[in-house]
Amino acid sequence: MALARPRRRRTAPGTRRDRRRVGDMAAKTDVYGDLRAPREMIGSTLVELIEAGEDVVVLDGDLGLSTRLGPVEDAHPDRLVQLGVAEQNAMGVATGLSYTGVRPVFVSMAMFALALPWTQLRQAAYAGAPVVVIGTHPGVDMGPDGGTHQCLEDLALARAIPELLVLTPADSAQTANAIAWAVRQREHPVYIRVGRHPVAQLYDPDAEFAPGGHEVIADHGGRALIVTEGSTASLGRDAADALAGRGIGARVVHLPSLKPLDADGIRAAASGCELVVTVENHSVIGGLGDAVCGVVGPQGAHVERIGTPDVFGMSATGDEMREAFGLTPDAVAARIAAWLSTPPLGGTAR
Amino acid sequence: MIHDAQAGHPGGSLSVIDLLAVIMLDKGRFTGDPDLRDWLVLAKGHAVPALYAMLVELGDLDESELASYRHLGSRLQGHPDRRKTPGVQVSTGHLGQGLSVALGIAMGERRRDSGLHVWAVAGEGDLHEGQSWEALMAAAHHGIGDLTVVVDANGLTQHGPVGRIMGLEPLAAKLESFGWATVEADGHDPIAFGAALDEVRADPRPGAVVARTVKGHGVSFMENVREWHSRGLDDDELRRALDEIGEG
């Protein structure tokens with residue numbers, strides 16, 4: 001599967017994608033030096049798709065400012081259908097639109113794009129309706145709004161629906177390309193998890209997206225394999241850098257999708273490693289960690305899952321939440337170093 | 001079908017079948033090129049035996065297949081399944097979700113200016129779900145005229161009379177207040193019901209017909225008896241029922 005070649009280090013600004021049209025407000029709040037919030041790409045990518053001739057209709061549940069739909073509203077107001085705070089209806093409308101050949105894209109925060117209308121999305125998948133659902137502010141990204149709004153469960157909920165593809169792009173460039181891929185295909189219902197937290201740019205903006213597969217985004221050696229979902233890719237890479245500074249060689253793999261899941265690729269990457277660690281901006285229940293355990297666990301691999309524990313979130317900034325849950329490069333590196341210094345009960349991954 | 005399966009929803013199927021016959025065999029376009037047909041959304045998907053009977057009438061299904069309803073491997077599922085059953089356009093089953101799907105289809109057809117009409121048939125249980133009112137609100141807000149919702153108001157949900165389970169009345173006034181052109185009619189009088197459909201279609205607003213029906217209509221021992229919401233018929237009950245509706 002032709003995946004983008006990742007950039008191993010942070011890229012300098014000034015790529016083609018960096019110069020593309022992004023709303024002023026998005027540019028002010030979503031770009032932090034060379035760190036960028038993937039959500040900034042939503043509106044501008046949808047505008048590009050509309051202008052390329054895709055029959056996109058964007059459905060909003062009164063959260064377009066937060067989900068960065070401003071570019072669509074400005075450039076193509078007829079393509080932005082406002083449905084109010086009524087997400088169950090929005091998912092049903094998306095289903096119906098898809099039957100007529102339209103490419104519906106329902107954009108909301110993960111809690112309201114996926115968790116709230118879960119049965120409606122399940123019915124869409126049951127019916128084979130190729131809806132595109134974009135969930136923003138996943139995991140602890142919601143920050144101060146607190147535990148009611150922090151969706152620590154969306155990957156678990158999405159993975160459980162048969163036939164639904166679950167995309168986990170790593171950065172702004174891959175987010176844009178994942179959205180474009182999802183709109184252009186017409187076979188599958190797709191959930192795209194799009195982070196609000198600014199992250200380093202890893203992927204080439206010109207690379208085509210393809211679900212499945214895996215990408216080695218850092219390789220300092222094979223003592224530990226760090227597996228990441230989109231929003232933790234640069235976190236995993238930075239943790240591997242920190243481990244390398246301590247003389248511990250780790251390899252980092254990013255999965256652009258949890259469904260389909262590149263089981264063979266994960267097994268191959270884990271081969272010979274003493275430890276497999278998953279890092280996710282999500283509960284350790286039902287998400288990336290469980291998916292990877294299901295793949296390498298039967299091989300006898302020692303797997304540790306880093307994510308939020310089985311608790312609800314709380315009001316705090318996203319950075320404070322990441323500190324509290326150990327979702328920082330230093331904390332991840334420290335836990336991996338500790339696990340590697342303690343012989344596991346099982347053997348090495350084969 | 002329901003006798004062969006020893007399961008199903010005879011009461012609601014018998015209340016809705018007259019409505020489907022007027023919509024699918026008379027007022028709507030449900031023959032010919034599938035891409036040029038109107039859309040039928042049976043929101044009260046549990047009444048799917050009535051839809052299968054219509055698809056036999058329309059030639060999409062062969063009558064011999066009806067006995068496979070609800071059996072392992074059958075194309076005739078317990079609720080409408082667009083991927084398994086020829087002629088079924090929309091999968092439904094969860095009450096309250098069908099009107100939203102119908103609205104989405106109507107929005108899509110308006111985008112491509114096809115002139116195709118969307119007919120959604122809901123039960124009172126559908127209207128107990130809040131999502132239905134989200135859809136009703138949104139259709140009026142966006143001025144979706146090529147959408148007609150028919151409420152099979154048989155007055156009886158699974159556990160008892162609607163008025164005792166969760167009252168919906170005054171239903172027509174509620175629909176009217178949500179911005180829908182609304183008419184009430186006797187659902188078992190095809191002339192009156194057809195005229196009601198014509199009247200709301202002539203109005204530029206989305207249209208609603210509250211069709212007053214009888215659950216288990218045509219079979220005396222089923223009419224208005226809640227136990228016939230969901231159960232199969234034994235051989236004797238089947239014989240008596242067919243005698244009463246003139247198919248014996």
# chains A, B, ... in the order shown; residues from 1 in each chain; ligands from 1
$ select_by_dssp --residues "stretch 101-220 of chain B" --states "helix (DSSP H, G or I)" --output "PyMOL selection string"
chain B and resi 101-111+124-128+130-141+162-165+171-177+190-201
$ select_by_dssp --residues "stretch 26-136 of chain B" --states "strand (DSSP E)" --output "JSON, numbers by chain"
{"B": [39, 40, 41, 42, 118, 119, 120, 121, 122, 123]}
$ write_last_selection --atoms "N, CA and C atoms" --output "PDB file, in the first residue's frame"
ATOM      1  N   TRP B  39     -39.203   7.419  -3.782  1.00  0.00           N
ATOM      2  CA  TRP B  39     -38.589   6.711  -2.650  1.00  0.00           C
ATOM      3  C   TRP B  39     -39.646   6.386  -1.604  1.00  0.00           C
ATOM      4  N   LEU B  40     -39.570   5.175  -1.093  1.00  0.00           N
ATOM      5  CA  LEU B  40     -40.457   4.764  -0.006  1.00  0.00           C
ATOM      6  C   LEU B  40     -39.592   4.420   1.198  1.00  0.00           C
ATOM      7  N   VAL B  41     -39.801   5.138   2.279  1.00  0.00           N
ATOM      8  CA  VAL B  41     -39.085   4.862   3.520  1.00  0.00           C
ATOM      9  C   VAL B  41     -40.097   4.330   4.529  1.00  0.00           C
ATOM     10  N   LEU B  42     -40.026   3.043   4.804  1.00  0.00           N
ATOM     11  CA  LEU B  42     -40.928   2.476   5.804  1.00  0.00           C
ATOM     12  C   LEU B  42     -40.249   2.632   7.163  1.00  0.00           C
ATOM     13  N   VAL B 118     -40.369  11.726  -2.097  1.00  0.00           N
ATOM     14  CA  VAL B 118     -40.015  10.834  -0.994  1.00  0.00           C
ATOM     15  C   VAL B 118     -41.236  10.648  -0.104  1.00  0.00           C
ATOM     16  N   TRP B 119     -41.608   9.390   0.076  1.00  0.00           N
ATOM     17  CA  TRP B 119     -42.751   9.045   0.912  1.00  0.00           C
ATOM     18  C   TRP B 119     -42.220   8.296   2.133  1.00  0.00           C
ATOM     19  N   ALA B 120     -42.503   8.830   3.300  1.00  0.00           N
ATOM     20  CA  ALA B 120     -42.073   8.153   4.521  1.00  0.00           C
ATOM     21  C   ALA B 120     -43.308   7.746   5.316  1.00  0.00           C
ATOM     22  N   VAL B 121     -43.315   6.502   5.737  1.00  0.00           N
ATOM     23  CA  VAL B 121     -44.458   5.996   6.495  1.00  0.00           C
ATOM     24  C   VAL B 121     -43.979   5.666   7.905  1.00  0.00           C
ATOM     25  N   ALA B 122     -44.521   6.387   8.854  1.00  0.00           N
ATOM     26  CA  ALA B 122     -44.082   6.255  10.238  1.00  0.00           C
ATOM     27  C   ALA B 122     -45.212   5.723  11.102  1.00  0.00           C
ATOM     28  N   GLY B 123     -44.832   5.099  12.184  1.00  0.00           N
ATOM     29  CA  GLY B 123     -45.815   4.699  13.178  1.00  0.00           C
ATOM     30  C   GLY B 123     -45.787   5.668  14.348  1.00  0.00           C
TER      31      GLY B 123
END
$ interface_residues --of "chain A" --to "chain B" --cutoff "10 Å" --atoms "only C-alpha atoms" --output "PyMOL selection string"
chain A and resi 55+57+81-104+119-120+123-124+126-129
$ atom_distance --atom1 "atom CA of A:Gly297" --atom2 "atom CA of A:Ser271"
12.2 Å
$ closest_residue --among "A:Ser315, A:Thr328, A:Gln150, A:Gln299" --to "A:Ser283" --atoms "only C-alpha atoms"
A:Gln150
$ residues_around --residues "B:Arg240" --least-positions-apart "6" --cutoff "12 Å" --atoms "only C-alpha atoms" --output "list in words"
Gly218, Val219, Ser220, Phe221, Met222, Leu233, Asp234, Gly246, Glu247 and Gly248 of chain B
$ closest_residue --among "A:Val132, A:Met142, A:Cys151, A:Met111" --to "A:Met321" --atoms "only C-alpha atoms"
A:Met142
$ residues_around --residues "A:Thr232" --least-positions-apart "4" --cutoff "7 Å" --atoms "only C-alpha atoms" --output "PDB file with N, CA and C atoms, in the first residue's frame"
ATOM      1  N   THR A 228       1.480   4.064  17.499  1.00  0.00           N
ATOM      2  CA  THR A 228       0.663   5.258  17.744  1.00  0.00           C
ATOM      3  C   THR A 228      -0.544   5.299  16.830  1.00  0.00           C
ATOM      4  N   GLY A 236       4.855   9.894  20.093  1.00  0.00           N
ATOM      5  CA  GLY A 236       5.642   8.658  20.084  1.00  0.00           C
ATOM      6  C   GLY A 236       7.036   8.888  19.539  1.00  0.00           C
ATOM      7  N   VAL A 279       0.482   3.905  22.356  1.00  0.00           N
ATOM      8  CA  VAL A 279       0.270   5.235  22.925  1.00  0.00           C
ATOM      9  C   VAL A 279      -0.925   5.856  22.210  1.00  0.00           C
ATOM     10  N   GLU A 280      -1.961   6.132  22.982  1.00  0.00           N
ATOM     11  CA  GLU A 280      -3.172   6.666  22.355  1.00  0.00           C
ATOM     12  C   GLU A 280      -3.799   7.765  23.210  1.00  0.00           C
ATOM     13  N   ASN A 281      -4.373   8.713  22.510  1.00  0.00           N
ATOM     14  CA  ASN A 281      -5.130   9.799  23.140  1.00  0.00           C
ATOM     15  C   ASN A 281      -6.572   9.310  23.290  1.00  0.00           C
TER      16      ASN A 281
END
$ residues_around --residues "A:Val199" --least-positions-apart "4" --cutoff "7 Å" --atoms "only C-alpha atoms" --output "list in words"
Leu35, Arg36, Ala37, Asp171 and Ser234 of chain A
$ write_last_selection --atoms "N, CA, C and O atoms" --output "PDB file, in the first residue's frame"
ATOM      1  N   LEU A  35       4.220  23.679  14.693  1.00  0.00           N
ATOM      2  CA  LEU A  35       3.171  22.783  15.190  1.00  0.00           C
ATOM      3  C   LEU A  35       1.828  23.258  14.657  1.00  0.00           C
ATOM      4  O   LEU A  35       1.541  24.449  14.676  1.00  0.00           O
ATOM      5  N   ARG A  36       1.012  22.313  14.211  1.00  0.00           N
ATOM      6  CA  ARG A  36      -0.273  22.700  13.640  1.00  0.00           C
ATOM      7  C   ARG A  36      -1.346  21.750  14.127  1.00  0.00           C
ATOM      8  O   ARG A  36      -1.096  20.557  14.318  1.00  0.00           O
ATOM      9  N   ALA A  37      -2.544  22.309  14.280  1.00  0.00           N
ATOM     10  CA  ALA A  37      -3.680  21.483  14.686  1.00  0.00           C
ATOM     11  C   ALA A  37      -4.326  20.875  13.438  1.00  0.00           C
ATOM     12  O   ALA A  37      -4.720  21.604  12.533  1.00  0.00           O
ATOM     13  N   ASP A 171      -1.208  14.087  11.188  1.00  0.00           N
ATOM     14  CA  ASP A 171      -0.870  15.508  11.201  1.00  0.00           C
ATOM     15  C   ASP A 171      -1.773  16.236  10.219  1.00  0.00           C
ATOM     16  O   ASP A 171      -2.697  15.643   9.649  1.00  0.00           O
ATOM     17  N   SER A 234       3.429  12.141  16.725  1.00  0.00           N
ATOM     18  CA  SER A 234       4.620  12.934  17.040  1.00  0.00           C
ATOM     19  C   SER A 234       5.022  12.769  18.498  1.00  0.00           C
ATOM     20  O   SER A 234       6.213  12.849  18.833  1.00  0.00           O
TER      21      SER A 234
END
$ atom_distance --atom1 "atom CA of A:Val303" --atom2 "atom CA of A:Leu202"
25.3 Å
